[in-house]
Amino acid sequence: MTQFPTNELIDKLKETLVICDLHHQRMMFAFNHIRKYFPLTEHTLSQIVDIELALFDQLIYRFSKLQDSMGTRLFKQLLELLEEDISGLPFLDILYKLEKLNLLENAKDWITLRQTRNTVSHEYPFYMEIQIEELNLLPDEVLKLAAIWIKLKEYAFERLSHN
């Protein structure tokens, strides 16, 4: 006998979708306002005014929050909605399960996103070259994360409309 997803799981998934959507919207707002500065150089970074530096901070923060929310909540909730057994699975196996279900194109892309998140969240005030190099990773990774989010969001809403 098939067990249908509980209302509690559906409510948690809906909450996660709202949270992720908020992070995505704010990440893209910041990105669209500062994308003209990429690729960063020491000269362009020195020309950026404080309000735009705040947008860089917002971009990094929302990129990290979206990535975290998806990795810690959304992935598991989607798999539970699909009645996949994930109890006790390491995170890497969860990624491979999502890949097998065609919800992630490549599990290794997610690992790269996580590494980028960890890298850009550190500040190196005395090592400008390192900071610039790491910030220049963001444009491609932001677009990659946004594409994964949009795909999973559409999939989740499609599945929820059948429940």
# chains A, B, ... in the order shown; residues from 1 in each chain; ligands from 1
call {"tool": "select_by_dssp", "arguments": {"residues": "region 55-109 of chain A", "states": "alpha helix (DSSP H)", "output": "PDB file with N, CA and C atoms, in the first residue's frame"}}
result
ATOM      1  N   LEU A  55      25.735  45.511  -1.983  1.00  0.00           N
ATOM      2  CA  LEU A  55      25.104  44.559  -2.903  1.00  0.00           C
ATOM      3  C   LEU A  55      25.987  43.325  -3.110  1.00  0.00           C
ATOM      4  N   PHE A  56      27.302  43.511  -3.114  1.00  0.00           N
ATOM      5  CA  PHE A  56      28.210  42.352  -3.172  1.00  0.00           C
ATOM      6  C   PHE A  56      27.993  41.475  -1.936  1.00  0.00           C
ATOM      7  N   ASP A  57      27.896  42.128  -0.774  1.00  0.00           N
ATOM      8  CA  ASP A  57      27.646  41.382   0.459  1.00  0.00           C
ATOM      9  C   ASP A  57      26.317  40.639   0.390  1.00  0.00           C
ATOM     10  N   GLN A  58      25.291  41.316  -0.128  1.00  0.00           N
ATOM     11  CA  GLN A  58      23.983  40.683  -0.251  1.00  0.00           C
ATOM     12  C   GLN A  58      24.056  39.500  -1.211  1.00  0.00           C
ATOM     13  N   LEU A  59      24.756  39.661  -2.305  1.00  0.00           N
ATOM     14  CA  LEU A  59      24.893  38.580  -3.269  1.00  0.00           C
ATOM     15  C   LEU A  59      25.529  37.360  -2.617  1.00  0.00           C
ATOM     16  N   ILE A  60      26.606  37.575  -1.913  1.00  0.00           N
ATOM     17  CA  ILE A  60      27.310  36.469  -1.252  1.00  0.00           C
ATOM     18  C   ILE A  60      26.411  35.826  -0.192  1.00  0.00           C
ATOM     19  N   TYR A  61      25.752  36.653   0.597  1.00  0.00           N
ATOM     20  CA  TYR A  61      24.879  36.146   1.660  1.00  0.00           C
ATOM     21  C   TYR A  61      23.727  35.329   1.078  1.00  0.00           C
ATOM     22  N   ARG A  62      23.036  35.869   0.098  1.00  0.00           N
ATOM     23  CA  ARG A  62      21.866  35.178  -0.473  1.00  0.00           C
ATOM     24  C   ARG A  62      22.275  33.950  -1.279  1.00  0.00           C
ATOM     25  N   PHE A  63      23.409  34.002  -1.948  1.00  0.00           N
ATOM     26  CA  PHE A  63      23.943  32.827  -2.637  1.00  0.00           C
ATOM     27  C   PHE A  63      24.159  31.710  -1.617  1.00  0.00           C
ATOM     28  N   SER A  64      24.772  32.051  -0.508  1.00  0.00           N
ATOM     29  CA  SER A  64      25.042  31.067   0.548  1.00  0.00           C
ATOM     30  C   SER A  64      23.754  30.542   1.160  1.00  0.00           C
ATOM     31  N   LYS A  65      22.817  31.434   1.457  1.00  0.00           N
ATOM     32  CA  LYS A  65      21.561  31.021   2.084  1.00  0.00           C
ATOM     33  C   LYS A  65      20.730  30.146   1.155  1.00  0.00           C
ATOM     34  N   LEU A  66      20.675  30.493  -0.124  1.00  0.00           N
ATOM     35  CA  LEU A  66      19.919  29.674  -1.068  1.00  0.00           C
ATOM     36  C   LEU A  66      20.556  28.298  -1.183  1.00  0.00           C
ATOM     37  N   GLN A  67      21.855  28.277  -1.306  1.00  0.00           N
ATOM     38  CA  GLN A  67      22.572  27.016  -1.423  1.00  0.00           C
ATOM     39  C   GLN A  67      22.367  26.162  -0.169  1.00  0.00           C
ATOM     40  N   ASP A  68      22.452  26.775   0.995  1.00  0.00           N
ATOM     41  CA  ASP A  68      22.240  26.051   2.256  1.00  0.00           C
ATOM     42  C   ASP A  68      20.805  25.530   2.372  1.00  0.00           C
ATOM     43  N   SER A  69      19.832  26.383   2.094  1.00  0.00           N
ATOM     44  CA  SER A  69      18.425  25.987   2.227  1.00  0.00           C
ATOM     45  C   SER A  69      18.070  24.846   1.286  1.00  0.00           C
ATOM     46  N   PHE A  75      16.234  19.447  -0.835  1.00  0.00           N
ATOM     47  CA  PHE A  75      16.578  18.155  -1.433  1.00  0.00           C
ATOM     48  C   PHE A  75      15.903  17.009  -0.692  1.00  0.00           C
ATOM     49  N   LYS A  76      16.024  17.006   0.620  1.00  0.00           N
ATOM     50  CA  LYS A  76      15.451  15.921   1.428  1.00  0.00           C
ATOM     51  C   LYS A  76      13.931  15.922   1.338  1.00  0.00           C
ATOM     52  N   GLN A  77      13.339  17.101   1.386  1.00  0.00           N
ATOM     53  CA  GLN A  77      11.877  17.190   1.338  1.00  0.00           C
ATOM     54  C   GLN A  77      11.337  16.704  -0.006  1.00  0.00           C
ATOM     55  N   LEU A  78      12.017  17.045  -1.095  1.00  0.00           N
ATOM     56  CA  LEU A  78      11.572  16.556  -2.407  1.00  0.00           C
ATOM     57  C   LEU A  78      11.672  15.040  -2.485  1.00  0.00           C
ATOM     58  N   LEU A  79      12.762  14.496  -1.983  1.00  0.00           N
ATOM     59  CA  LEU A  79      12.927  13.037  -2.015  1.00  0.00           C
ATOM     60  C   LEU A  79      11.890  12.352  -1.127  1.00  0.00           C
ATOM     61  N   GLU A  80      11.576  12.946   0.016  1.00  0.00           N
ATOM     62  CA  GLU A  80      10.529  12.393   0.877  1.00  0.00           C
ATOM     63  C   GLU A  80       9.169  12.470   0.187  1.00  0.00           C
ATOM     64  N   LEU A  81       8.915  13.554  -0.528  1.00  0.00           N
ATOM     65  CA  LEU A  81       7.668  13.696  -1.274  1.00  0.00           C
ATOM     66  C   LEU A  81       7.542  12.580  -2.317  1.00  0.00           C
ATOM     67  N   PHE A  91      25.121  12.885   2.538  1.00  0.00           N
ATOM     68  CA  PHE A  91      24.686  13.943   1.623  1.00  0.00           C
ATOM     69  C   PHE A  91      25.058  13.641   0.178  1.00  0.00           C
ATOM     70  N   LEU A  92      26.231  13.094  -0.051  1.00  0.00           N
ATOM     71  CA  LEU A  92      26.659  12.777  -1.410  1.00  0.00           C
ATOM     72  C   LEU A  92      25.718  11.771  -2.075  1.00  0.00           C
ATOM     73  N   ASP A  93      25.234  10.806  -1.313  1.00  0.00           N
ATOM     74  CA  ASP A  93      24.282   9.834  -1.859  1.00  0.00           C
ATOM     75  C   ASP A  93      22.941  10.484  -2.176  1.00  0.00           C
ATOM     76  N   ILE A  94      22.560  11.475  -1.376  1.00  0.00           N
ATOM     77  CA  ILE A  94      21.341  12.229  -1.668  1.00  0.00           C
ATOM     78  C   ILE A  94      21.504  12.965  -2.995  1.00  0.00           C
ATOM     79  N   LEU A  95      22.677  13.553  -3.209  1.00  0.00           N
ATOM     80  CA  LEU A  95      22.946  14.235  -4.480  1.00  0.00           C
ATOM     81  C   LEU A  95      22.860  13.261  -5.647  1.00  0.00           C
ATOM     82  N   TYR A  96      23.456  12.088  -5.485  1.00  0.00           N
ATOM     83  CA  TYR A  96      23.418  11.091  -6.567  1.00  0.00           C
ATOM     84  C   TYR A  96      21.997  10.598  -6.826  1.00  0.00           C
ATOM     85  N   LYS A  97      21.197  10.519  -5.786  1.00  0.00           N
ATOM     86  CA  LYS A  97      19.794  10.118  -5.949  1.00  0.00           C
ATOM     87  C   LYS A  97      19.043  11.187  -6.750  1.00  0.00           C
ATOM     88  N   LEU A  98      19.300  12.459  -6.418  1.00  0.00           N
ATOM     89  CA  LEU A  98      18.677  13.560  -7.166  1.00  0.00           C
ATOM     90  C   LEU A  98      19.136  13.547  -8.624  1.00  0.00           C
ATOM     91  N   GLU A  99      20.392  13.239  -8.838  1.00  0.00           N
ATOM     92  CA  GLU A  99      20.924  13.151 -10.196  1.00  0.00           C
ATOM     93  C   GLU A  99      20.252  12.005 -10.958  1.00  0.00           C
ATOM     94  N   LYS A 100      20.108  10.873 -10.318  1.00  0.00           N
ATOM     95  CA  LYS A 100      19.476   9.710 -10.945  1.00  0.00           C
ATOM     96  C   LYS A 100      18.025  10.002 -11.334  1.00  0.00           C
ATOM     97  N   ALA A 107      25.735  15.861  -9.866  1.00  0.00           N
ATOM     98  CA  ALA A 107      25.980  15.996  -8.424  1.00  0.00           C
ATOM     99  C   ALA A 107      27.267  16.765  -8.155  1.00  0.00           C
ATOM    100  N   LYS A 108      28.248  16.611  -9.023  1.00  0.00           N
ATOM    101  CA  LYS A 108      29.527  17.299  -8.834  1.00  0.00           C
ATOM    102  C   LYS A 108      29.369  18.816  -8.951  1.00  0.00           C
ATOM    103  N   ASP A 109      28.396  19.278  -9.747  1.00  0.00           N
ATOM    104  CA  ASP A 109      28.120  20.719  -9.832  1.00  0.00           C
ATOM    105  C   ASP A 109      27.722  21.262  -8.463  1.00  0.00           C
TER     106      ASP A 109
END
call {"tool": "closest_residue", "arguments": {"among": "A:Leu104, A:Met70, A:Leu160, A:Met27", "to": "Pro5 (chain A)", "atoms": "only C-alpha atoms"}}
result
A:Leu160
